[in-house]
Number of protein chains: 2
Amino acid sequence: LKIKVSIIAGGAGFIGSNLIRYLQSEKRHIVVIDNMCRGSKSFLNSVLSLDRHSISILEGDCADQDFLHGAFILANEFGDLDEVWHLAANSDIPAGIADANVDLKDTFLTTFALLEVMKRFKVSTINFASSSAIYGDFGGVPIYEEIGPLLPISNYGAMKLASEALISAAVESYLERANIFRFPNVVGIPATHGVILDFVRKLIVKPECLMVLGDGSQQKAYLHVSDLIEAMLLVRSARLSKKIELVNIGPIDHGVSVRSIAEWVVERVSPTASIQYGEGNKGWVGDVSKFSYSTKRLQSYGWTPKLDSAGAVNKAINEIALQLGQ
Amino acid sequence: LKIKVSIIAGGAGFIGSNLIRYLQSEKRHIVVIDNMCRGSKSFLNSVLSLDRHSISILEGDCADQDFLHGAFILANEFGDLDEVWHLAANSDIPAGIADANVDLKDTFLTTFALLEVMKRFKVSTINFASSSAIYGDFGGVPIYEEIGPLLPISNYGAMKLASEALISAAVESYLERANIFRFPNVVGIPATHGVILDFVRKLIVKPECLMVLGDGSQQKAYLHVSDLIEAMLLVRSARLSKKIELVNIGPIDHGVSVRSIAEWVVERVSPTASIQYGEGNKGWVGDVSKFSYSTKRLQSYGWTPKLDSAGAVNKAINEIALQLGQ
């Protein structure tokens with residue numbers, strides 16, 4: 001019996017480096033492809049130390065079909081390449097607003113190129129990291145998977161929705177199964193971006209005062225990366241009559257405010273610091289101020305997260321503080 | 001007072017060449033940009049003969065930002081460039097399934113490039129030719145603008161949805177107004193593709209028998225291009241409190257079957273021909289077999305089409321037969 005092989009595009013990033021551990025426990029061979037822009041080989045040290053022979057790391061651009069072609073040939077040599085995890089993306093939303101080419105290339109053209117090469121190599125399953133950003137701003141109305149209209153307000157969200165659309169067309173034409181996971185804000189380590197990392201970094205530079213973008217009233221749901229991955233693996237393992245599953249992943253609660261996060265980070269990193277708020281309830285163009293995420297479909301799989309938003313954020317604050325030597 | 005200027009990307013195509021006549025009557029200057037792949041300068045002969053000084057024609061690729069930059073400079077020299085009509089796309093759905101690069105470049109990267117250059121030149125309004133293909137297959141359930149999930153089944157539909165998403169993000173960031181028109185099947189002349197043109201051409205080659213792809217039961221709504229353009233101009237002229245309007249354009253009826261179209265074309269072009277049907281109710285991968293299009297939003301503007309599906313198809317059959325010398 002041939003060993004099963006998974007390709008993880010963007011596998012050296014935050015989610016990928018956590019996912020690998022779970023795939024190792026399935027006795028899979030894992031081929032990580034990553035341009036190492038936001039990901040890092042150092043993020044893979046702990047999984048390499050567990051079993052260095054189960055992982056191949058290929059540094060290159062996931063939007064480059066020639067590079068991908070080589071990576072798929074290699075993956076096929078290790079055994080039965082039966083799935084691709086597509087986690088490659090520009091995760092820096094403001095960067096994509098400043099220069100739309102970043103999201104085009106890293107978030108959308110990676111999807112395009114991966115699908116082209118998957119078609120060529122007859123790889124039947126894609127697990128795709130989509131995002132709650134595809135929904136745009138519903139002003140606090142609970143967002144379930146079928147809600148519309150889909151009017152993303154950032155290029156990041158637009159390119160994720162564009163990627164979903166392309167995957168959907170590929171399912172009609174040649175894919176056997178697509179699991180589209182619409183991520184919430186995910187926290188944990190190795191942190192590469194996000195509000196917690198920002199706050200911890202700011203407090204390291206200036207321990208007496210934390211400046212917060214916006215008035216702190218933005219409320220969002222957060223999930224710890226360990227819960228995220230367990231949810232994805234559960235959906236991936238389900239036998240479904242449909243070929244494509246769209247699922248919101250998130251906690252059951254309504255999230256926590258930026259104000260709470262600021263207070264918790266201050267408490268952990270620099271308890272005497274004051275907090276200064278800006279104006280408005282949006283941190284930046286493309287930031288959704290109020291957000292209620294329906295995870296009923298995910299719960300119907302029998303899943304509940306181990307940590308709610310507050311628990312996930314507090315765990316991540318501690319992990320990130322340690323990551324930064326605090 | 002400066003003259004108003006419109007850029008029409010894909011302006012030498014089927015819809016564009018019809019639209020120009022209406023914009024001429026608004027005393028606008030019109031800059032047509034088109035790669036002349038599916039469009040043709042010959043399609044513009046009649047509007048040029050009406051007023052050749054109101055139109056500039058630039059041949060080039062709408063996915064090429066340098067070319068667009070030059071076109072926008074030129075357009076600005078003619079007056080106040082206040083809108084872009086984005087009609088450029090690969091309209092050949094099977095071609096896009098055979099080679100996804102066609103839809104990527106002609107349908108999506110044109111949108112990307114146009115938005116980039118619109119941002120640079122501070123052009124505030126886009127009128128976008130989207131498509132009912134963004135919806136995918138709802139199996140005959142009436143499709144209204146907010147329905148979900150959006151799972152297009154062709155790369156064409158995927159790239160149109162991707163374009164909508166990008167326009168939506170641009171509205172959040174810099175556009176003042178976006179009118180997103182979700183087209184039905186549009187018929188009329190100059191025909192460049194579509195079932196009527198196919199049937200007429202087939203009968204010219206082989207007048208004794210018409211071969212139909214599929215069993216002929218596919219039912220679709222059709223609109224005549226003249227009704228389509230009047231609907232777009234009505235929505236475009238409306239003062240709205242929102243910056244983005246999504247609107248299905250189509251007739252009020254439930255459409256006509258491929259079988260009816262085949263019979264009408266035979267009657268007009270070659271009355272003694274027999275008709276042979278294939279199997280299945282889909283013409284090709286990516287073709288939606290049953291389709292019910294809700295146009296309630298458009299009707300709320302006080303609009304009704306002059307021709308229903310049957311009327312539009314029969315008018316177009318006659319026009320296309322004449323176009324092909326029949």
# chains A, B, ... in the order shown; residues from 1 in each chain; ligands from 1
$ residues_around --residues "range 136-142 of chain A" --least-positions-apart "2" --cutoff "10 Å" --atoms "only C-alpha atoms" --output "JSON, numbers by chain"
{"A": [132, 133, 134, 144, 145, 147, 148, 149, 150, 151, 152, 153, 154, 157, 158, 219, 254, 286, 287, 288, 289, 290, 291, 292, 293, 294, 295], "B": [165, 168, 169, 172]}
$ calpha_fit_and_write --fixed "chain B" --moving "chain A" --output "CSV table (one decimal) with C-alpha atoms, in the first residue's frame"
chain,number,residue,atom,x,y,z
A,1,LEU,CA,-19.0,73.0,-19.7
A,2,LYS,CA,-16.8,70.1,-20.6
A,3,ILE,CA,-18.2,67.2,-22.6
A,4,LYS,CA,-18.7,64.0,-20.7
A,5,VAL,CA,-16.5,61.1,-21.8
A,6,SER,CA,-17.2,57.3,-21.5
A,7,ILE,CA,-14.7,54.6,-21.9
A,8,ILE,CA,-16.1,51.3,-23.1
A,9,ALA,CA,-13.8,48.4,-22.6
A,10,GLY,CA,-14.8,45.7,-25.1
A,11,GLY,CA,-16.7,48.4,-26.9
A,12,ALA,CA,-16.4,46.8,-30.3
A,13,GLY,CA,-18.2,43.7,-29.3
A,14,PHE,CA,-21.9,42.7,-29.4
A,15,ILE,CA,-23.2,44.7,-26.5
A,16,GLY,CA,-20.7,47.6,-26.8
A,17,SER,CA,-21.5,48.4,-30.4
A,18,ASN,CA,-25.2,48.6,-29.5
A,19,LEU,CA,-24.5,50.7,-26.4
A,20,ILE,CA,-22.6,53.3,-28.3
A,21,ARG,CA,-25.7,54.5,-30.1
A,22,TYR,CA,-27.4,55.3,-26.8
A,23,LEU,CA,-24.4,57.1,-25.4
A,24,GLN,CA,-24.1,59.2,-28.6
A,25,SER,CA,-27.6,60.4,-28.0
A,26,GLU,CA,-26.4,61.7,-24.6
A,27,LYS,CA,-23.8,63.8,-26.5
A,28,ARG,CA,-21.0,62.0,-24.9
A,29,HIS,CA,-17.5,61.3,-26.4
A,30,ILE,CA,-16.9,57.6,-26.4
A,31,VAL,CA,-13.5,55.9,-26.2
A,32,VAL,CA,-13.7,52.3,-27.4
A,33,ILE,CA,-11.0,50.0,-26.2
A,34,ASP,CA,-11.0,46.5,-27.6
A,35,ASN,CA,-8.4,43.9,-28.6
A,36,MET,CA,-10.6,43.1,-31.6
A,37,CYS,CA,-10.5,39.4,-30.8
A,38,ARG,CA,-14.2,38.9,-30.5
A,39,GLY,CA,-15.1,42.5,-31.3
A,40,SER,CA,-14.6,44.0,-34.7
A,41,LYS,CA,-14.2,47.5,-36.2
A,42,SER,CA,-16.8,46.6,-38.7
A,43,PHE,CA,-19.4,46.3,-35.9
A,44,LEU,CA,-18.9,50.1,-35.4
A,45,ASN,CA,-19.5,51.1,-39.0
A,46,SER,CA,-23.1,52.1,-38.3
A,47,VAL,CA,-22.4,54.2,-35.2
A,48,LEU,CA,-19.4,55.8,-37.0
A,49,SER,CA,-21.6,56.7,-39.9
A,50,LEU,CA,-24.0,58.4,-37.4
A,51,ASP,CA,-21.3,60.6,-35.9
A,52,ARG,CA,-17.7,59.7,-36.5
A,53,HIS,CA,-16.3,62.5,-34.4
A,54,SER,CA,-17.9,61.3,-31.2
A,55,ILE,CA,-16.0,58.0,-31.1
A,56,SER,CA,-12.3,57.2,-30.6
A,57,ILE,CA,-11.3,53.6,-31.2
A,58,LEU,CA,-8.2,52.2,-29.6
A,59,GLU,CA,-7.1,48.7,-30.4
A,60,GLY,CA,-5.3,47.0,-27.5
A,61,ASP,CA,-5.5,44.7,-24.6
A,62,CYS,CA,-7.7,45.7,-21.6
A,63,ALA,CA,-5.6,43.6,-19.3
A,64,ASP,CA,-2.6,45.7,-20.2
A,65,GLN,CA,-2.3,48.6,-17.7
A,66,ASP,CA,0.2,50.5,-19.8
A,67,PHE,CA,-2.2,50.5,-22.8
A,68,LEU,CA,-5.1,51.5,-20.5
A,69,HIS,CA,-3.0,54.3,-19.0
A,70,GLY,CA,-2.6,55.8,-22.5
A,71,ALA,CA,-6.3,55.3,-23.3
A,72,PHE,CA,-7.3,57.1,-20.1
A,73,ILE,CA,-5.0,60.0,-20.9
A,74,LEU,CA,-6.6,60.3,-24.3
A,75,ALA,CA,-10.1,60.1,-22.9
A,76,ASN,CA,-9.3,62.8,-20.4
A,77,GLU,CA,-8.2,65.1,-23.2
A,78,PHE,CA,-11.7,64.9,-24.8
A,79,GLY,CA,-13.4,66.1,-21.7
A,80,ASP,CA,-14.6,64.9,-18.3
A,81,LEU,CA,-14.1,61.1,-18.1
A,82,ASP,CA,-16.7,60.1,-15.6
A,83,GLU,CA,-17.5,56.5,-16.3
A,84,VAL,CA,-16.1,53.2,-17.5
A,85,TRP,CA,-18.3,50.5,-19.1
A,86,HIS,CA,-16.5,47.2,-18.6
A,87,LEU,CA,-17.9,44.8,-21.2
A,88,ALA,CA,-14.6,43.1,-22.1
A,89,ALA,CA,-14.7,39.4,-21.5
A,90,ASN,CA,-14.2,36.0,-23.1
A,91,SER,CA,-17.8,35.3,-24.1
A,92,ASP,CA,-17.0,31.8,-25.3
A,93,ILE,CA,-17.8,29.6,-22.3
A,94,PRO,CA,-16.5,26.3,-23.6
A,95,ALA,CA,-13.2,28.0,-24.7
A,96,GLY,CA,-12.7,29.0,-21.1
A,97,ILE,CA,-13.3,25.5,-19.9
A,98,ALA,CA,-10.8,24.1,-22.4
A,99,ASP,CA,-8.2,26.7,-21.4
A,100,ALA,CA,-8.7,28.5,-18.1
A,101,ASN,CA,-6.1,31.1,-19.1
A,102,VAL,CA,-8.6,32.6,-21.6
A,103,ASP,CA,-11.1,33.6,-18.9
A,104,LEU,CA,-8.4,34.6,-16.4
A,105,LYS,CA,-6.9,37.1,-18.8
A,106,ASP,CA,-9.9,38.3,-20.8
A,107,THR,CA,-12.6,38.2,-18.1
A,108,PHE,CA,-10.8,38.8,-14.8
A,109,LEU,CA,-7.5,40.5,-15.5
A,110,THR,CA,-9.3,43.1,-17.6
A,111,THR,CA,-11.3,44.0,-14.5
A,112,PHE,CA,-8.2,44.1,-12.3
A,113,ALA,CA,-6.3,46.3,-14.8
A,114,LEU,CA,-9.3,48.6,-15.4
A,115,LEU,CA,-9.8,49.2,-11.6
A,116,GLU,CA,-6.1,49.9,-11.1
A,117,VAL,CA,-6.2,52.6,-13.8
A,118,MET,CA,-9.5,54.0,-12.7
A,119,LYS,CA,-8.1,54.4,-9.2
A,120,ARG,CA,-5.1,56.2,-10.7
A,121,PHE,CA,-7.2,58.6,-12.8
A,122,LYS,CA,-10.0,59.0,-10.2
A,123,VAL,CA,-12.8,57.8,-12.4
A,124,SER,CA,-15.6,57.3,-10.1
A,125,THR,CA,-18.2,55.1,-11.8
A,126,ILE,CA,-18.0,51.6,-13.3
A,127,ASN,CA,-20.8,49.9,-15.2
A,128,PHE,CA,-20.0,46.2,-15.2
A,129,ALA,CA,-21.4,43.5,-17.4
A,130,SER,CA,-21.7,40.6,-15.0
A,131,SER,CA,-23.6,37.4,-15.7
A,132,SER,CA,-26.2,35.0,-14.5
A,133,ALA,CA,-23.4,32.5,-14.7
A,134,ILE,CA,-22.1,33.7,-11.3
A,135,TYR,CA,-25.0,31.9,-9.6
A,136,GLY,CA,-24.3,28.4,-10.8
A,137,ASP,CA,-27.0,25.8,-10.8
A,138,PHE,CA,-30.0,26.4,-8.5
A,139,GLY,CA,-32.1,23.8,-10.3
A,140,GLY,CA,-35.0,26.1,-11.3
A,141,VAL,CA,-35.4,27.9,-8.0
A,142,PRO,CA,-36.0,31.6,-8.8
A,143,ILE,CA,-32.7,33.4,-8.6
A,144,TYR,CA,-32.8,36.8,-6.9
A,145,GLU,CA,-29.7,39.0,-6.3
A,146,GLU,CA,-29.1,37.9,-2.7
A,147,ILE,CA,-29.4,34.2,-3.2
A,148,GLY,CA,-26.5,32.0,-2.1
A,149,PRO,CA,-24.3,30.1,-2.0
A,150,LEU,CA,-22.6,31.4,-5.2
A,151,LEU,CA,-21.1,28.3,-6.8
A,152,PRO,CA,-20.5,29.0,-10.5
A,153,ILE,CA,-19.9,26.0,-12.6
A,154,SER,CA,-17.9,27.5,-15.4
A,155,ASN,CA,-14.6,29.4,-15.4
A,156,TYR,CA,-16.5,32.2,-17.1
A,157,GLY,CA,-19.0,32.5,-14.2
A,158,ALA,CA,-16.1,32.2,-11.7
A,159,MET,CA,-14.2,35.0,-13.4
A,160,LYS,CA,-17.3,37.2,-13.5
A,161,LEU,CA,-17.9,36.6,-9.8
A,162,ALA,CA,-14.3,37.3,-9.1
A,163,SER,CA,-14.7,40.6,-11.0
A,164,GLU,CA,-17.7,41.5,-9.0
A,165,ALA,CA,-15.8,40.9,-5.8
A,166,LEU,CA,-13.0,43.1,-6.9
A,167,ILE,CA,-15.3,45.9,-7.8
A,168,SER,CA,-17.0,45.6,-4.4
A,169,ALA,CA,-13.7,46.0,-2.7
A,170,ALA,CA,-12.9,49.0,-4.9
A,171,VAL,CA,-16.2,50.6,-3.9
A,172,GLU,CA,-15.2,50.4,-0.3
A,173,SER,CA,-11.9,52.0,-1.1
A,174,TYR,CA,-12.2,54.6,-3.9
A,175,LEU,CA,-15.2,54.1,-6.4
A,176,GLU,CA,-18.2,56.3,-5.9
A,177,ARG,CA,-20.6,54.1,-7.8
A,178,ALA,CA,-20.7,50.6,-9.3
A,179,ASN,CA,-23.6,49.2,-11.3
A,180,ILE,CA,-23.2,45.5,-11.6
A,181,PHE,CA,-25.5,44.1,-14.3
A,182,ARG,CA,-26.0,40.4,-14.2
A,183,PHE,CA,-26.9,39.6,-17.8
A,184,PRO,CA,-29.1,36.8,-19.0
A,185,ASN,CA,-28.6,35.4,-22.4
A,186,VAL,CA,-28.7,38.4,-24.7
A,187,VAL,CA,-29.6,38.1,-28.3
A,188,GLY,CA,-29.4,40.4,-31.3
A,189,ILE,CA,-26.8,41.6,-33.8
A,190,PRO,CA,-23.9,41.7,-34.4
A,191,ALA,CA,-24.0,38.2,-33.1
A,192,THR,CA,-20.6,36.8,-32.1
A,193,HIS,CA,-21.6,33.6,-30.3
A,194,GLY,CA,-24.6,31.8,-28.8
A,195,VAL,CA,-27.1,29.2,-29.7
A,196,ILE,CA,-29.0,31.1,-32.4
A,197,LEU,CA,-25.8,31.9,-34.3
A,198,ASP,CA,-24.7,28.3,-34.0
A,199,PHE,CA,-27.9,26.9,-35.3
A,200,VAL,CA,-28.1,29.4,-38.2
A,201,ARG,CA,-24.5,28.6,-39.2
A,202,LYS,CA,-25.1,24.8,-39.0
A,203,LEU,CA,-28.2,25.1,-41.2
A,204,ILE,CA,-26.2,27.1,-43.8
A,205,VAL,CA,-23.6,24.3,-43.9
A,206,LYS,CA,-26.1,21.5,-43.8
A,207,PRO,CA,-29.6,22.7,-44.7
A,208,GLU,CA,-31.3,19.3,-44.4
A,209,CYS,CA,-30.6,18.6,-40.8
A,210,LEU,CA,-29.9,20.5,-37.6
A,211,MET,CA,-27.9,18.7,-34.9
A,212,VAL,CA,-28.7,19.9,-31.4
A,213,LEU,CA,-26.3,19.4,-28.5
A,214,GLY,CA,-28.3,17.9,-25.6
A,215,ASP,CA,-31.9,16.8,-25.6
A,216,GLY,CA,-33.3,20.3,-26.2
A,217,SER,CA,-35.0,20.6,-22.8
A,218,GLN,CA,-32.7,23.3,-21.5
A,219,GLN,CA,-34.8,26.3,-20.8
A,220,LYS,CA,-33.3,29.8,-20.5
A,221,ALA,CA,-34.5,33.3,-20.5
A,222,TYR,CA,-33.4,35.6,-23.3
A,223,LEU,CA,-33.4,39.3,-23.6
A,224,HIS,CA,-33.0,41.4,-26.7
A,225,VAL,CA,-29.9,43.7,-26.6
A,226,SER,CA,-32.1,46.8,-27.1
A,227,ASP,CA,-34.0,46.0,-23.9
A,228,LEU,CA,-30.8,45.1,-22.0
A,229,ILE,CA,-29.3,48.5,-22.8
A,230,GLU,CA,-32.4,50.4,-21.8
A,231,ALA,CA,-32.4,48.6,-18.5
A,232,MET,CA,-28.8,49.4,-17.8
A,233,LEU,CA,-29.2,53.1,-18.6
A,234,LEU,CA,-32.2,53.3,-16.3
A,235,VAL,CA,-30.3,51.8,-13.4
A,236,ARG,CA,-27.3,54.0,-14.2
A,237,SER,CA,-29.4,57.1,-14.1
A,238,ALA,CA,-31.0,56.3,-10.7
A,239,ARG,CA,-30.0,58.2,-7.6
A,240,LEU,CA,-29.3,55.6,-4.9
A,241,SER,CA,-28.3,55.9,-1.3
A,242,LYS,CA,-26.0,52.9,-1.8
A,243,LYS,CA,-22.8,53.0,-3.8
A,244,ILE,CA,-23.1,49.6,-5.4
A,245,GLU,CA,-26.2,48.2,-7.2
A,246,LEU,CA,-26.4,44.6,-8.2
A,247,VAL,CA,-29.2,43.9,-10.6
A,248,ASN,CA,-30.4,40.9,-12.6
A,249,ILE,CA,-31.4,41.9,-16.0
A,250,GLY,CA,-33.8,39.7,-17.9
A,251,PRO,CA,-37.3,39.2,-19.1
A,252,ILE,CA,-40.2,38.5,-16.8
A,253,ASP,CA,-41.1,35.2,-18.3
A,254,HIS,CA,-39.5,31.8,-17.6
A,255,GLY,CA,-37.7,31.6,-20.9
A,256,VAL,CA,-37.8,29.3,-23.9
A,257,SER,CA,-36.4,25.8,-24.5
A,258,VAL,CA,-33.5,25.0,-26.9
A,259,ARG,CA,-36.1,22.8,-28.7
A,260,SER,CA,-38.2,25.9,-29.4
A,261,ILE,CA,-35.2,27.9,-30.6
A,262,ALA,CA,-34.2,25.0,-32.9
A,263,GLU,CA,-37.7,24.9,-34.4
A,264,TRP,CA,-37.9,28.6,-34.9
A,265,VAL,CA,-34.5,28.8,-36.5
A,266,VAL,CA,-35.4,25.9,-38.8
A,267,GLU,CA,-38.7,27.6,-39.7
A,268,ARG,CA,-36.9,30.8,-40.6
A,269,VAL,CA,-33.7,29.5,-42.3
A,270,SER,CA,-34.5,26.0,-43.7
A,271,PRO,CA,-38.1,25.0,-43.1
A,272,THR,CA,-37.7,21.5,-44.5
A,273,ALA,CA,-34.8,20.5,-42.2
A,274,SER,CA,-35.1,17.8,-39.6
A,275,ILE,CA,-33.9,18.3,-36.1
A,276,GLN,CA,-31.7,15.7,-34.3
A,277,TYR,CA,-31.2,15.9,-30.6
A,278,GLY,CA,-28.4,14.5,-28.4
A,279,GLU,CA,-28.6,13.2,-24.9
A,280,GLY,CA,-28.7,14.9,-21.5
A,281,ASN,CA,-30.1,18.3,-20.6
A,282,LYS,CA,-26.8,20.1,-20.5
A,283,GLY,CA,-25.1,21.3,-23.7
A,284,TRP,CA,-21.6,21.3,-22.3
A,285,VAL,CA,-19.8,21.3,-19.0
A,286,GLY,CA,-20.6,24.6,-17.3
A,287,ASP,CA,-24.0,24.9,-19.0
A,288,VAL,CA,-26.9,25.4,-16.5
A,289,SER,CA,-29.8,23.2,-17.6
A,290,LYS,CA,-32.7,24.9,-15.8
A,291,PHE,CA,-32.8,28.5,-14.8
A,292,SER,CA,-35.4,30.8,-13.4
A,293,TYR,CA,-34.2,34.4,-13.1
A,294,SER,CA,-35.9,36.8,-10.7
A,295,THR,CA,-36.0,40.3,-12.1
A,296,LYS,CA,-38.1,41.8,-9.4
A,297,ARG,CA,-35.5,44.4,-8.4
A,298,LEU,CA,-35.2,45.6,-12.0
A,299,GLN,CA,-39.0,45.8,-12.2
A,300,SER,CA,-39.0,47.9,-9.1
A,301,TYR,CA,-37.3,50.6,-11.2
A,302,GLY,CA,-40.4,50.7,-13.3
A,303,TRP,CA,-38.9,48.7,-16.1
A,304,THR,CA,-40.5,46.1,-18.3
A,305,PRO,CA,-38.9,44.6,-21.4
A,306,LYS,CA,-40.5,45.4,-24.8
A,307,LEU,CA,-39.9,41.8,-25.8
A,308,ASP,CA,-40.3,38.6,-23.8
A,309,SER,CA,-37.9,35.6,-24.4
A,310,ALA,CA,-39.8,34.3,-27.3
A,311,GLY,CA,-40.1,37.7,-28.9
A,312,ALA,CA,-36.4,38.5,-28.4
A,313,VAL,CA,-35.3,35.1,-29.8
A,314,ASN,CA,-37.5,35.4,-32.8
A,315,LYS,CA,-36.4,39.0,-33.5
A,316,ALA,CA,-32.8,37.9,-33.2
A,317,ILE,CA,-33.2,34.8,-35.4
A,318,ASN,CA,-34.4,37.1,-38.2
A,319,GLU,CA,-31.6,39.6,-37.6
A,320,ILE,CA,-28.9,37.0,-37.5
A,321,ALA,CA,-30.3,35.2,-40.5
A,322,LEU,CA,-30.1,38.6,-42.4
A,323,GLN,CA,-26.6,39.1,-41.0
A,324,LEU,CA,-25.5,35.8,-42.5
A,325,GLY,CA,-27.2,36.6,-45.8
A,326,GLN,CA,-30.2,34.4,-45.3
$ select_by_dssp --residues "range 91-240 of chain B" --states "helix (DSSP H, G or I)" --output "VMD selection string"
chain B and resid 93 to 98 100 to 121 132 to 135 155 to 173 195 to 205 225 to 237
$ decode --residues "range 1-23 of chain B" --atoms "N, CA and C atoms" --output "JSON list (two decimals), in the first residue's frame"
[["chain", "number", "residue", "atom", "x", "y", "z"],
["B", 1, "LEU", "N", -18.70, 74.38, -20.23],
["B", 1, "LEU", "CA", -18.98, 73.05, -19.67],
["B", 1, "LEU", "C", -18.29, 71.98, -20.54],
["B", 2, "LYS", "N", -17.51, 71.15, -19.86],
["B", 2, "LYS", "CA", -16.79, 70.11, -20.60],
["B", 2, "LYS", "C", -17.75, 68.97, -21.01],
["B", 3, "ILE", "N", -17.44, 68.40, -22.15],
["B", 3, "ILE", "CA", -18.21, 67.25, -22.62],
["B", 3, "ILE", "C", -17.91, 66.04, -21.72],
["B", 4, "LYS", "N", -18.93, 65.20, -21.52],
["B", 4, "LYS", "CA", -18.72, 63.98, -20.73],
["B", 4, "LYS", "C", -18.11, 62.89, -21.63],
["B", 5, "VAL", "N", -17.23, 62.12, -21.03],
["B", 5, "VAL", "CA", -16.55, 61.07, -21.79],
["B", 5, "VAL", "C", -16.78, 59.72, -21.12],
["B", 6, "SER", "N", -17.10, 58.71, -21.93],
["B", 6, "SER", "CA", -17.24, 57.33, -21.46],
["B", 6, "SER", "C", -16.18, 56.46, -22.11],
["B", 7, "ILE", "N", -15.53, 55.65, -21.31],
["B", 7, "ILE", "CA", -14.69, 54.60, -21.87],
["B", 7, "ILE", "C", -15.52, 53.32, -21.92],
["B", 8, "ILE", "N", -15.48, 52.62, -23.04],
["B", 8, "ILE", "CA", -16.13, 51.30, -23.12],
["B", 8, "ILE", "C", -15.07, 50.25, -23.40],
["B", 9, "ALA", "N", -14.75, 49.49, -22.37],
["B", 9, "ALA", "CA", -13.82, 48.37, -22.55],
["B", 9, "ALA", "C", -14.59, 47.23, -23.19],
["B", 10, "GLY", "N", -14.08, 46.72, -24.28],
["B", 10, "GLY", "CA", -14.82, 45.73, -25.05],
["B", 10, "GLY", "C", -15.91, 46.39, -25.89],
["B", 11, "GLY", "N", -15.68, 47.63, -26.26],
["B", 11, "GLY", "CA", -16.71, 48.43, -26.92],
["B", 11, "GLY", "C", -16.98, 48.06, -28.37],
["B", 12, "ALA", "N", -16.12, 47.23, -28.94],
["B", 12, "ALA", "CA", -16.35, 46.81, -30.33],
["B", 12, "ALA", "C", -17.03, 45.45, -30.40],
["B", 13, "GLY", "N", -17.54, 44.99, -29.28],
["B", 13, "GLY", "CA", -18.23, 43.69, -29.25],
["B", 13, "GLY", "C", -19.73, 43.84, -29.46],
["B", 14, "PHE", "N", -20.42, 42.77, -29.20],
["B", 14, "PHE", "CA", -21.87, 42.71, -29.43],
["B", 14, "PHE", "C", -22.60, 43.78, -28.62],
["B", 15, "ILE", "N", -22.42, 43.77, -27.30],
["B", 15, "ILE", "CA", -23.15, 44.72, -26.46],
["B", 15, "ILE", "C", -22.64, 46.14, -26.69],
["B", 16, "GLY", "N", -21.30, 46.27, -26.71],
["B", 16, "GLY", "CA", -20.70, 47.60, -26.82],
["B", 16, "GLY", "C", -21.15, 48.35, -28.06],
["B", 17, "SER", "N", -21.16, 47.65, -29.19],
["B", 17, "SER", "CA", -21.49, 48.34, -30.43],
["B", 17, "SER", "C", -22.95, 48.80, -30.43],
["B", 18, "ASN", "N", -23.80, 48.11, -29.68],
["B", 18, "ASN", "CA", -25.18, 48.57, -29.51],
["B", 18, "ASN", "C", -25.29, 49.72, -28.51],
["B", 19, "LEU", "N", -24.49, 49.63, -27.43],
["B", 19, "LEU", "CA", -24.53, 50.66, -26.38],
["B", 19, "LEU", "C", -24.13, 52.04, -26.91],
["B", 20, "ILE", "N", -23.15, 52.05, -27.80],
["B", 20, "ILE", "CA", -22.60, 53.32, -28.28],
["B", 20, "ILE", "C", -23.68, 54.26, -28.81],
["B", 21, "ARG", "N", -24.62, 53.69, -29.56],
["B", 21, "ARG", "CA", -25.69, 54.51, -30.14],
["B", 21, "ARG", "C", -26.44, 55.32, -29.07],
["B", 22, "TYR", "N", -26.67, 54.65, -27.92],
["B", 22, "TYR", "CA", -27.40, 55.32, -26.84],
["B", 22, "TYR", "C", -26.55, 56.40, -26.19],
["B", 23, "LEU", "N", -25.25, 56.13, -26.06],
["B", 23, "LEU", "CA", -24.37, 57.12, -25.44],
["B", 23, "LEU", "C", -24.14, 58.31, -26.38]]
